[in-house]
Amino acid sequence: MENRDTVIMAGAKVLENGKSHEVVNRRMWSRAREVLLAVLDVIEEAEKKQARDPEVKLWFEGVKDICYELTDVSEEFELVQQAKKLRFVGLRLLQHLKGRRKMKSILREFEALREEVGKLKLGSSSELPVPVNLHAPITPSNISGKELILGREAVIQDVISKLTDRHVYHPCISLVGESGIGKTAIARHVYESVRGKFHFATWVTVSKQFNVKRIVKSMLKGSGHEPVAAEMELLEAEIQNLTVDARCLIVLDDVFHLDPNRWFHLLSVLGPCSSMFLITTQMERVAEVAESTIVFMRSLLDEDCWSIIKHHAFGDLKNESPVEWIFGQVGREIAKKCQGKPAVAKSVGNMLRGRSYEEWHQVLQIDSQWSDLRSSSMWNFSLMPPALRQCLLYCSIFPKNYSIQEDKLIKLWMAQGFIASDEDMMEIEGRKYVKQLRDCSAFQDGDGGLIMDEGMTDFIQDLAQNECRIMFLNDGTTAEEAGENRALTKAPHYRHCTLCLEDQTTFPDSIANAEKLHTLMVLSESSDIDSTNLASLLSRMKRIRALDLSSCTIQQLPLKAAELLHLRYLNLSFNHELKKLPSAISNLLNLQTLNLNGCNSLRKLPKSIRKLIKLRHLEILWTTSLSYLPKGIATLTLLRTLNRFFGSSGGASRSKACSLGDLENLNNIQEWITIDGLGGETEISEAKRAGLKNKKNLFGLELWFSIAGSEGNHQILLDNLKAPSQLQSLGIFHYGGSSFPNWIIELNGLKQLLLVNCSECNVLPPLGKLPCLESLEIKNMPKVEMVGSEFLGIGLNHDDAGNEGSSSAIAFPRLQKLHFITLGRWKGWTGINGNGGDEKVMPLLSSLSVVNCESLRSLPDYIKKKENLKPVIEGCSRLPRPRRSKNR
């Protein structure tokens, strides 16, 4: 049972656990179980064969589709029972359900699929025997990606010289070669090597759609400038402001198609600058359109492929002799199957990591070449446990090279029921899934999120083409992500859909198969979402579990959204014009995640939100118009995420608004919370009742005190808040007390500390006592005049400085970054009492900034003596400037 597809097993459990007893009669249920067991007997073999046999794939998809239906019908039955029990006002929404009729139809389809088993020659599943290890696997050590550039030194130097040659100008260079040959790795290495020689450098992953507006926005982001405007004319002004009369390097990675008109449009947008392009593409035609200097990528030597496999299978081993002796012969034979493609070699190496000699031989016996990423990805995929396979298949709803946020992905998996764990551990288990997918190189880190491996993306999008669908909508037309080679093999029954709306595209009022969708994600390029069309589409999506409408310029959420009773995940983030939510949102009894981050026009949440008893994640960062939370939030004890709270009622009555003390029972809060509006009307007793120290899974805390109102109780209030001992990050803003509480120094796990706008404090706390502190920023503290030995937190003198065995003799033992900003009266920064011991202060400090500290006259010796430290000193006219390095 455990070695089969997650969706199919969910359907099986519906019958196995008897959940359908009241939907079908006992005889029908007994017959259903008999048919199901017969199908399950061959399902494991079918899942393995589907990647190679189209007929088996269609049969397997049919079984999976029926199991989706089974879980839907079962859940609808449970919704009716739950609604009756709660006297649910939305019960009328469930009256249309015809469970018995649907179940009969499902069982007839199961019977038909059972009859096809013989034709497909599917046998009973059995576990493969575990071979006796002749040689135990060698434990891998540290893994890196450096071998991807093995054998490419000449190409790298050639491209670098072309980009940096002042005498011969190459406006565009294209790396051309087939998939997996290492184009992106070479481009990345070159980019990192030469970017410092350009005034403006940026990296853009283009992929299928060469959309100039999206590319310009990505160029701005890639160079560290968040786009301010949405309109093309304003974006053009932004990019030209950065590139005018500048020497620019622009990498366009993975370009599939290039229309001359769009290419010349991009060139015109950049305006008068000395721009150089580095393009990676599989298509020589792309390079010709761009009038490039072409560098053709050739295959690697087999020995280089073996080195890559060896590195990713075993890591940076100091002694390679055992590896060569045991695995050298079989490894070199496997390397020949990689056909000179480094990406394939890397994938195979990751696949073989930690596996025995016999398993290496099994790979060698496979009757195919590893000449493309798809074949190695298929084998890698087959080795994963079923729950992990389903989670990875689901990722085909994301376009190629899309940066996936880990936290969001886990919540989407949860919404689909793909995480095999009890409710208390779902998020933790989800993080384990992500780690496993990283370990097998299905994911890699990039662009602030997870990027899926190129070969794995192609493989799973092909495998899941009838389960997940991506559609690009542009000027009223619809194009599939994978083009003509991905035509549906049967009538559409996909369950997960992504709509990519290009600029100014009309939102559709209907899409195929909407009534069966479990996921709808809209990726919008500044297209206005017509509320009527959205309502029309939502009215058909009765089974939707995850709805992502982030950044869609929605002004009002249609009431139809409150009828989506299966919904677990609702993302409305960064809809800046959304002013309110309908009270009927309380109908969403299954809702786990409600993301309202960045909805800065949202003024309040409906008080009916208290009825969302399964809510685990309420995200309300950057909702700047929101000033309080409704009282009922305090009853949502399943909450794991509540990233913003309010220490005051924001002007609402106490009967309507949460107070600080209402955090008392929300002890499942995890990760990070920002508490706004502290001080003023906040009562001291509320701070004690909040029980922050009891939030055992809270690792980040920001405390924002109210600027307006009385500051007299700030100090007592902060004393009584008492953060949890395991806290790793703390920020205190606009604090009006004259000193800081002792509990800060007791945070032995604290890694990051920000003290900002603490206007009444004249002495810094003894922060050197914090054993794990890595980053410290102190900003705008106008009453601080001296920073002395008390700041170090230890009575360090000549005697105890020389005591090598005393850990207490080291101040700030792990501090790496230290920033002082705008301390206008700060005059003196003194060192250690007595002589010597400077090496015992901040031994790991690598970054120091002192900005706008006009009165400061000198740095202490323990800073001056750090030879490799190059402080950033700005706006400090009395402070001698450090000598600048002659290197760039």
# chains A, B, ... in the order shown; residues from 1 in each chain; ligands from 1

$ select_by_dssp --residues "range 475-597 of chain A" --states "alpha helix (DSSP H)" --output "JSON, numbers by chain"
{"A": [531, 532, 533, 534, 535, 536, 537, 538]}

$ residues_around --residues "range 613-621 of chain A" --least-positions-apart "6" --cutoff "7 Å" --atoms "only C-alpha atoms" --output "ChimeraX atom specification"
/A:589-598,636,638-644

$ write_last_selection --atoms "N, CA, C and O atoms" --output "mmCIF file, in the first residue's frame"
data_model
loop_
_atom_site.group_PDB
_atom_site.id
_atom_site.type_symbol
_atom_site.label_atom_id
_atom_site.label_comp_id
_atom_site.auth_asym_id
_atom_site.auth_seq_id
_atom_site.Cartn_x
_atom_site.Cartn_y
_atom_site.Cartn_z
ATOM 1 N N LEU A 589 -14.894 26.233 5.413
ATOM 2 C CA LEU A 589 -14.605 25.474 6.635
ATOM 3 C C LEU A 589 -13.287 24.708 6.567
ATOM 4 O O LEU A 589 -12.723 24.352 7.594
ATOM 5 N N ASN A 590 -12.806 24.428 5.357
ATOM 6 C CA ASN A 590 -11.568 23.663 5.210
ATOM 7 C C ASN A 590 -10.334 24.536 5.024
ATOM 8 O O ASN A 590 -9.229 24.010 4.879
ATOM 9 N N LEU A 591 -10.502 25.859 5.022
ATOM 10 C CA LEU A 591 -9.396 26.752 4.685
ATOM 11 C C LEU A 591 -8.242 26.595 5.667
ATOM 12 O O LEU A 591 -8.412 26.700 6.876
ATOM 13 N N GLN A 592 -7.030 26.348 5.109
ATOM 14 C CA GLN A 592 -5.817 26.216 5.913
ATOM 15 C C GLN A 592 -4.943 27.465 5.815
ATOM 16 O O GLN A 592 -4.314 27.869 6.793
ATOM 17 N N THR A 593 -4.882 28.073 4.616
ATOM 18 C CA THR A 593 -3.996 29.209 4.373
ATOM 19 C C THR A 593 -4.785 30.364 3.767
ATOM 20 O O THR A 593 -5.480 30.180 2.768
ATOM 21 N N LEU A 594 -4.657 31.541 4.379
ATOM 22 C CA LEU A 594 -5.227 32.779 3.836
ATOM 23 C C LEU A 594 -4.092 33.790 3.776
ATOM 24 O O LEU A 594 -3.617 34.270 4.805
ATOM 25 N N ASN A 595 -3.652 34.110 2.553
ATOM 26 C CA ASN A 595 -2.517 35.009 2.365
ATOM 27 C C ASN A 595 -3.010 36.364 1.890
ATOM 28 O O ASN A 595 -3.502 36.503 0.767
ATOM 29 N N LEU A 596 -2.859 37.368 2.761
ATOM 30 C CA LEU A 596 -3.270 38.740 2.455
ATOM 31 C C LEU A 596 -2.074 39.690 2.515
ATOM 32 O O LEU A 596 -2.253 40.901 2.633
ATOM 33 N N ASN A 597 -0.875 39.159 2.426
ATOM 34 C CA ASN A 597 0.317 40.005 2.439
ATOM 35 C C ASN A 597 0.238 41.075 1.351
ATOM 36 O O ASN A 597 -0.149 40.794 0.212
ATOM 37 N N GLY A 598 0.595 42.301 1.698
ATOM 38 C CA GLY A 598 0.677 43.353 0.698
ATOM 39 C C GLY A 598 -0.647 43.905 0.217
ATOM 40 O O GLY A 598 -0.674 44.685 -0.736
ATOM 41 N N LEU A 636 -8.519 30.760 17.173
ATOM 42 C CA LEU A 636 -7.978 29.919 16.088
ATOM 43 C C LEU A 636 -6.660 29.293 16.547
ATOM 44 O O LEU A 636 -5.579 29.673 16.115
ATOM 45 N N LEU A 638 -5.209 26.553 15.953
ATOM 46 C CA LEU A 638 -4.383 25.787 15.023
ATOM 47 C C LEU A 638 -3.390 26.664 14.270
ATOM 48 O O LEU A 638 -2.541 26.150 13.547
ATOM 49 N N LEU A 639 -3.484 27.971 14.440
ATOM 50 C CA LEU A 639 -2.629 28.888 13.675
ATOM 51 C C LEU A 639 -1.148 28.589 13.882
ATOM 52 O O LEU A 639 -0.658 28.558 15.009
ATOM 53 N N ARG A 640 -0.460 28.370 12.757
ATOM 54 C CA ARG A 640 1.005 28.257 12.762
ATOM 55 C C ARG A 640 1.646 29.560 12.327
ATOM 56 O O ARG A 640 2.730 29.899 12.783
ATOM 57 N N THR A 641 1.000 30.250 11.399
ATOM 58 C CA THR A 641 1.501 31.534 10.922
ATOM 59 C C THR A 641 0.510 32.630 11.279
ATOM 60 O O THR A 641 -0.663 32.564 10.905
ATOM 61 N N LEU A 642 0.976 33.604 12.019
ATOM 62 C CA LEU A 642 0.265 34.854 12.252
ATOM 63 C C LEU A 642 1.366 35.912 12.248
ATOM 64 O O LEU A 642 1.890 36.293 13.288
ATOM 65 N N ASN A 643 1.747 36.327 11.031
ATOM 66 C CA ASN A 643 2.986 37.095 10.920
ATOM 67 C C ASN A 643 2.854 38.555 11.323
ATOM 68 O O ASN A 643 3.843 39.290 11.336
ATOM 69 N N ARG A 644 1.630 38.978 11.694
ATOM 70 C CA ARG A 644 1.450 40.346 12.190
ATOM 71 C C ARG A 644 0.333 40.356 13.222
ATOM 72 O O ARG A 644 -0.714 39.734 13.026
#

$ residues_around --residues "range 152-155 of chain A" --least-positions-apart "2" --cutoff "9 Å" --atoms "only C-alpha atoms" --output "VMD selection string"
chain A and resid 148 to 150 157 to 160 186 295 297 300

$ write_last_selection --atoms "N, CA and C atoms" --output "CSV table (one decimal), in the first residue's frame"
chain,number,residue,atom,x,y,z
A,148,LEU,N,30.7,21.0,-13.0
A,148,LEU,CA,30.0,21.4,-14.3
A,148,LEU,C,30.8,22.1,-15.3
A,149,ILE,N,31.9,22.7,-14.8
A,149,ILE,CA,32.7,23.5,-15.8
A,149,ILE,C,34.0,22.7,-16.1
A,150,LEU,N,34.1,21.5,-15.8
A,150,LEU,CA,35.3,20.7,-16.2
A,150,LEU,C,35.4,20.6,-17.7
A,157,GLN,N,37.5,31.1,-21.1
A,157,GLN,CA,38.5,32.2,-21.4
A,157,GLN,C,38.2,32.9,-22.7
A,158,ASP,N,37.7,32.1,-23.7
A,158,ASP,CA,37.4,32.8,-24.9
A,158,ASP,C,36.2,33.8,-24.8
A,159,VAL,N,35.2,33.3,-24.0
A,159,VAL,CA,34.0,34.2,-23.8
A,159,VAL,C,34.4,35.4,-23.0
A,160,ILE,N,35.2,35.2,-21.9
A,160,ILE,CA,35.6,36.3,-21.1
A,160,ILE,C,36.4,37.3,-21.9
A,186,ILE,N,28.3,27.5,-17.9
A,186,ILE,CA,29.4,28.4,-18.4
A,186,ILE,C,29.0,29.8,-18.3
A,295,VAL,N,29.3,30.8,-30.2
A,295,VAL,CA,30.3,29.8,-29.6
A,295,VAL,C,29.5,28.5,-29.5
A,297,MET,N,28.8,24.8,-28.3
A,297,MET,CA,29.2,24.0,-27.1
A,297,MET,C,29.4,22.5,-27.6
A,300,LEU,N,31.6,16.9,-23.7
A,300,LEU,CA,32.8,16.7,-22.8
A,300,LEU,C,33.4,15.3,-23.1

$ residues_around --residues "Gly793 in chain A" --least-positions-apart "3" --cutoff "10 Å" --atoms "only C-alpha atoms" --output "mmCIF file with C-alpha atoms, in the first residue's frame"
data_model
loop_
_atom_site.group_PDB
_atom_site.id
_atom_site.type_symbol
_atom_site.label_atom_id
_atom_site.label_comp_id
_atom_site.auth_asym_id
_atom_site.auth_seq_id
_atom_site.Cartn_x
_atom_site.Cartn_y
_atom_site.Cartn_z
ATOM 1 C CA ILE A 745 21.058 39.090 27.079
ATOM 2 C CA LEU A 764 23.880 50.145 24.798
ATOM 3 C CA PRO A 765 23.208 46.825 26.545
ATOM 4 C CA PRO A 766 26.102 44.337 27.064
ATOM 5 C CA LEU A 767 25.436 42.581 23.775
ATOM 6 C CA GLY A 768 28.880 40.972 23.637
ATOM 7 C CA LYS A 769 27.515 38.306 25.981
ATOM 8 C CA LEU A 770 25.295 36.865 23.239
ATOM 9 C CA GLY A 788 32.704 51.411 25.905
ATOM 10 C CA SER A 789 33.750 48.131 27.439
ATOM 11 C CA GLU A 790 30.255 47.627 28.893
ATOM 12 C CA LEU A 796 37.702 42.127 29.741
ATOM 13 C CA SER A 808 33.834 34.274 28.808
ATOM 14 C CA ALA A 809 36.972 36.154 27.676
ATOM 15 C CA ILE A 810 35.603 36.403 24.106
ATOM 16 C CA ALA A 811 33.196 39.241 23.370
ATOM 17 C CA PHE A 812 30.861 38.803 20.380
#

$ closest_residue --among "A:Ile873, A:Val269, A:Ala634, A:Ala290" --to "His257 in chain A" --atoms "only C-alpha atoms"
A:Ala290

$ atom_distance --atom1 "CA of Pro171 in chain A" --atom2 "CA of Val251 in chain A"
11.8 Å

$ residues_around --residues "Gln405 in chain A" --least-positions-apart "4" --cutoff "7 Å" --atoms "only C-alpha atoms" --output "list in words"
Leu409, Gly449 and Leu450 of chain A

$ atom_distance --atom1 "CA of Pro260 in chain A" --atom2 "CA of Glu233 in chain A"
20.5 Å

$ closest_residue --among "A:Glu502, A:Asp302, A:Asp445, A:Asp439" --to "Lys213 in chain A" --atoms "only C-alpha atoms"
A:Glu502

$ residues_around --residues "Gln726 in chain A" --least-positions-apart "5" --cutoff "10 Å" --atoms "only C-alpha atoms" --output "MDAnalysis selection string"
chainID A and resid 693 695:700 746:750

$ select_by_dssp --residues "range 694-876 of chain A" --states "strand (DSSP E)" --output "number ranges by chain"
A: 697-705, 729-733, 752-756, 775-779, 786-787, 817-821, 828-829, 847-851, 872-874

$ atom_distance --atom1 "CA of Gln416 in chain A" --atom2 "CA of Ala546 in chain A"
7.6 Å

$ residues_around --residues "Lys183 in chain A" --least-positions-apart "2" --cutoff "12 Å" --atoms "only C-alpha atoms" --output "ChimeraX atom specification"
/A:148-149,152,155-156,159,174-181,185-190,251-255,278-282,295-299,341-343,454

$ write_last_selection --atoms "N, CA and C atoms" --output "mmCIF file, in the first residue's frame"
data_model
loop_
_atom_site.group_PDB
_atom_site.id
_atom_site.type_symbol
_atom_site.label_atom_id
_atom_site.label_comp_id
_atom_site.auth_asym_id
_atom_site.auth_seq_id
_atom_site.Cartn_x
_atom_site.Cartn_y
_atom_site.Cartn_z
ATOM 1 N N LEU A 148 30.739 21.043 -13.046
ATOM 2 C CA LEU A 148 29.989 21.357 -14.251
ATOM 3 C C LEU A 148 30.822 22.129 -15.264
ATOM 4 N N ILE A 149 31.918 22.740 -14.828
ATOM 5 C CA ILE A 149 32.739 23.489 -15.765
ATOM 6 C C ILE A 149 34.025 22.749 -16.111
ATOM 7 N N ARG A 152 36.003 22.904 -19.712
ATOM 8 C CA ARG A 152 35.475 24.084 -20.419
ATOM 9 C C ARG A 152 36.388 25.303 -20.264
ATOM 10 N N VAL A 155 36.788 27.460 -23.423
ATOM 11 C CA VAL A 155 35.560 28.177 -23.797
ATOM 12 C C VAL A 155 35.348 29.374 -22.873
ATOM 13 N N ILE A 156 35.540 29.146 -21.577
ATOM 14 C CA ILE A 156 35.346 30.218 -20.596
ATOM 15 C C ILE A 156 36.280 31.389 -20.889
ATOM 16 N N VAL A 159 35.174 33.350 -24.035
ATOM 17 C CA VAL A 159 34.015 34.234 -23.848
ATOM 18 C C VAL A 159 34.396 35.438 -22.989
ATOM 19 N N SER A 174 26.598 34.329 -28.328
ATOM 20 C CA SER A 174 25.624 33.273 -28.046
ATOM 21 C C SER A 174 26.318 31.947 -27.831
ATOM 22 N N LEU A 175 26.014 31.301 -26.703
ATOM 23 C CA LEU A 175 26.433 29.931 -26.449
ATOM 24 C C LEU A 175 25.340 29.016 -26.986
ATOM 25 N N VAL A 176 25.664 28.227 -27.998
ATOM 26 C CA VAL A 176 24.663 27.407 -28.681
ATOM 27 C C VAL A 176 24.994 25.937 -28.479
ATOM 28 N N GLY A 177 24.010 25.168 -28.056
ATOM 29 C CA GLY A 177 24.215 23.736 -27.868
ATOM 30 C C GLY A 177 22.953 23.081 -27.363
ATOM 31 N N GLU A 178 22.917 21.747 -27.449
ATOM 32 C CA GLU A 178 21.706 21.034 -27.055
ATOM 33 C C GLU A 178 21.521 21.043 -25.540
ATOM 34 N N SER A 179 20.345 20.614 -25.121
ATOM 35 C CA SER A 179 20.005 20.597 -23.701
ATOM 36 C C SER A 179 20.980 19.731 -22.920
ATOM 37 N N GLY A 180 21.427 20.229 -21.751
ATOM 38 C CA GLY A 180 22.291 19.461 -20.881
ATOM 39 C C GLY A 180 23.770 19.592 -21.170
ATOM 40 N N ILE A 181 24.127 20.385 -22.177
ATOM 41 C CA ILE A 181 25.526 20.478 -22.582
ATOM 42 C C ILE A 181 26.323 21.416 -21.696
ATOM 43 N N ALA A 185 25.674 26.817 -17.092
ATOM 44 C CA ALA A 185 26.767 26.767 -16.128
ATOM 45 C C ALA A 185 27.945 27.620 -16.595
ATOM 46 N N ILE A 186 28.265 27.546 -17.891
ATOM 47 C CA ILE A 186 29.362 28.364 -18.430
ATOM 48 C C ILE A 186 29.002 29.843 -18.343
ATOM 49 N N ALA A 187 27.777 30.179 -18.738
ATOM 50 C CA ALA A 187 27.350 31.582 -18.700
ATOM 51 C C ALA A 187 27.392 32.120 -17.277
ATOM 52 N N ARG A 188 26.963 31.316 -16.303
ATOM 53 C CA ARG A 188 26.969 31.756 -14.909
ATOM 54 C C ARG A 188 28.394 31.997 -14.425
ATOM 55 N N HIS A 189 29.300 31.107 -14.790
ATOM 56 C CA HIS A 189 30.695 31.263 -14.376
ATOM 57 C C HIS A 189 31.302 32.525 -15.000
ATOM 58 N N VAL A 190 31.036 32.735 -16.276
ATOM 59 C CA VAL A 190 31.550 33.927 -16.954
ATOM 60 C C VAL A 190 30.953 35.184 -16.329
ATOM 61 N N VAL A 251 22.752 39.088 -19.522
ATOM 62 C CA VAL A 251 22.707 37.666 -19.860
ATOM 63 C C VAL A 251 21.249 37.272 -20.060
ATOM 64 N N LEU A 252 20.946 36.709 -21.221
ATOM 65 C CA LEU A 252 19.616 36.165 -21.512
ATOM 66 C C LEU A 252 19.762 34.652 -21.600
ATOM 67 N N ASP A 253 19.342 33.977 -20.556
ATOM 68 C CA ASP A 253 19.542 32.535 -20.449
ATOM 69 C C ASP A 253 18.342 31.776 -20.987
ATOM 70 N N ASP A 254 18.626 30.699 -21.720
ATOM 71 C CA ASP A 254 17.594 29.750 -22.154
ATOM 72 C C ASP A 254 16.566 30.409 -23.081
ATOM 73 N N VAL A 255 17.035 31.034 -24.148
ATOM 74 C CA VAL A 255 16.146 31.680 -25.124
ATOM 75 C C VAL A 255 15.722 30.637 -26.153
ATOM 76 N N LEU A 278 25.004 38.302 -23.542
ATOM 77 C CA LEU A 278 25.445 36.917 -23.557
ATOM 78 C C LEU A 278 24.190 36.065 -23.539
ATOM 79 N N ILE A 279 23.976 35.306 -24.621
ATOM 80 C CA ILE A 279 22.746 34.520 -24.782
ATOM 81 C C ILE A 279 23.089 33.040 -24.720
ATOM 82 N N THR A 280 22.247 32.249 -24.042
ATOM 83 C CA THR A 280 22.343 30.796 -24.126
ATOM 84 C C THR A 280 21.092 30.286 -24.822
ATOM 85 N N THR A 281 21.265 29.368 -25.775
ATOM 86 C CA THR A 281 20.129 28.891 -26.556
ATOM 87 C C THR A 281 20.443 27.536 -27.187
ATOM 88 N N GLN A 282 19.401 26.771 -27.399
ATOM 89 C CA GLN A 282 19.542 25.517 -28.147
ATOM 90 C C GLN A 282 19.400 25.748 -29.645
ATOM 91 N N VAL A 295 29.338 30.784 -30.210
ATOM 92 C CA VAL A 295 30.265 29.832 -29.608
ATOM 93 C C VAL A 295 29.508 28.518 -29.457
ATOM 94 N N PHE A 296 29.881 27.524 -30.262
ATOM 95 C CA PHE A 296 29.196 26.232 -30.206
ATOM 96 C C PHE A 296 29.752 25.398 -29.051
ATOM 97 N N MET A 297 28.847 24.817 -28.285
ATOM 98 C CA MET A 297 29.227 24.000 -27.134
ATOM 99 C C MET A 297 29.383 22.546 -27.573
ATOM 100 N N ARG A 298 30.552 21.987 -27.302
ATOM 101 C CA ARG A 298 30.842 20.619 -27.697
ATOM 102 C C ARG A 298 30.699 19.675 -26.505
ATOM 103 N N SER A 299 30.664 18.387 -26.801
ATOM 104 C CA SER A 299 30.528 17.379 -25.742
ATOM 105 C C SER A 299 31.808 17.289 -24.915
ATOM 106 N N LYS A 341 27.518 15.071 -21.816
ATOM 107 C CA LYS A 341 26.672 16.158 -21.293
ATOM 108 C C LYS A 341 26.869 16.285 -19.783
ATOM 109 N N PRO A 342 27.426 17.401 -19.337
ATOM 110 C CA PRO A 342 27.705 17.558 -17.904
ATOM 111 C C PRO A 342 26.455 17.556 -17.037
ATOM 112 N N ALA A 343 25.353 18.122 -17.535
ATOM 113 C CA ALA A 343 24.127 18.145 -16.729
ATOM 114 C C ALA A 343 23.598 16.731 -16.510
ATOM 115 N N GLU A 454 16.438 21.416 -15.074
ATOM 116 C CA GLU A 454 15.913 21.526 -16.440
ATOM 117 C C GLU A 454 15.382 20.200 -16.964
#

$ closest_residue --among "A:Gly875, A:Gly647, A:Gly737, A:Pro724" --to "Glu686 in chain A" --atoms "only C-alpha atoms"
A:Gly647

$ closest_residue --among "A:Leu537, A:Cys500, A:Cys395, A:Cys440" --to "Val522 in chain A" --atoms "only C-alpha atoms"
A:Cys500

$ decode --residues "range 109-121 of chain A" --atoms "N, CA and C atoms" --output "PDB file, in the first residue's frame"
ATOM      1  N   GLU A 109     -16.776   2.845 -13.941  1.00  0.00           N
ATOM      2  CA  GLU A 109     -15.502   3.155 -14.601  1.00  0.00           C
ATOM      3  C   GLU A 109     -14.384   2.268 -14.072  1.00  0.00           C
ATOM      4  N   PHE A 110     -14.411   1.975 -12.779  1.00  0.00           N
ATOM      5  CA  PHE A 110     -13.420   1.075 -12.205  1.00  0.00           C
ATOM      6  C   PHE A 110     -13.512  -0.314 -12.839  1.00  0.00           C
ATOM      7  N   GLU A 111     -14.739  -0.802 -13.014  1.00  0.00           N
ATOM      8  CA  GLU A 111     -14.952  -2.112 -13.627  1.00  0.00           C
ATOM      9  C   GLU A 111     -14.332  -2.160 -15.019  1.00  0.00           C
ATOM     10  N   ALA A 112     -14.543  -1.076 -15.796  1.00  0.00           N
ATOM     11  CA  ALA A 112     -14.007  -1.023 -17.160  1.00  0.00           C
ATOM     12  C   ALA A 112     -12.482  -1.048 -17.158  1.00  0.00           C
ATOM     13  N   LEU A 113     -11.878  -0.313 -16.227  1.00  0.00           N
ATOM     14  CA  LEU A 113     -10.421  -0.280 -16.163  1.00  0.00           C
ATOM     15  C   LEU A 113      -9.843  -1.620 -15.716  1.00  0.00           C
ATOM     16  N   ARG A 114     -10.577  -2.321 -14.871  1.00  0.00           N
ATOM     17  CA  ARG A 114     -10.105  -3.630 -14.418  1.00  0.00           C
ATOM     18  C   ARG A 114     -10.020  -4.604 -15.590  1.00  0.00           C
ATOM     19  N   GLU A 115     -10.961  -4.493 -16.503  1.00  0.00           N
ATOM     20  CA  GLU A 115     -10.978  -5.393 -17.656  1.00  0.00           C
ATOM     21  C   GLU A 115      -9.807  -5.155 -18.603  1.00  0.00           C
ATOM     22  N   GLU A 116      -9.205  -3.973 -18.559  1.00  0.00           N
ATOM     23  CA  GLU A 116      -8.096  -3.653 -19.462  1.00  0.00           C
ATOM     24  C   GLU A 116      -6.757  -4.176 -18.957  1.00  0.00           C
ATOM     25  N   VAL A 117      -6.701  -4.636 -17.705  1.00  0.00           N
ATOM     26  CA  VAL A 117      -5.428  -5.046 -17.110  1.00  0.00           C
ATOM     27  C   VAL A 117      -4.762  -6.135 -17.929  1.00  0.00           C
ATOM     28  N   GLY A 118      -5.541  -7.120 -18.357  1.00  0.00           N
ATOM     29  CA  GLY A 118      -4.989  -8.226 -19.126  1.00  0.00           C
ATOM     30  C   GLY A 118      -4.410  -7.782 -20.454  1.00  0.00           C
ATOM     31  N   LYS A 119      -5.108  -6.869 -21.130  1.00  0.00           N
ATOM     32  CA  LYS A 119      -4.634  -6.388 -22.432  1.00  0.00           C
ATOM     33  C   LYS A 119      -3.293  -5.673 -22.306  1.00  0.00           C
ATOM     34  N   LEU A 120      -3.106  -4.989 -21.198  1.00  0.00           N
ATOM     35  CA  LEU A 120      -1.876  -4.216 -21.003  1.00  0.00           C
ATOM     36  C   LEU A 120      -0.736  -5.067 -20.447  1.00  0.00           C
ATOM     37  N   LYS A 121      -1.039  -6.343 -20.150  1.00  0.00           N
ATOM     38  CA  LYS A 121      -0.026  -7.275 -19.637  1.00  0.00           C
ATOM     39  C   LYS A 121       0.629  -6.752 -18.364  1.00  0.00           C
TER      40      LYS A 121
END
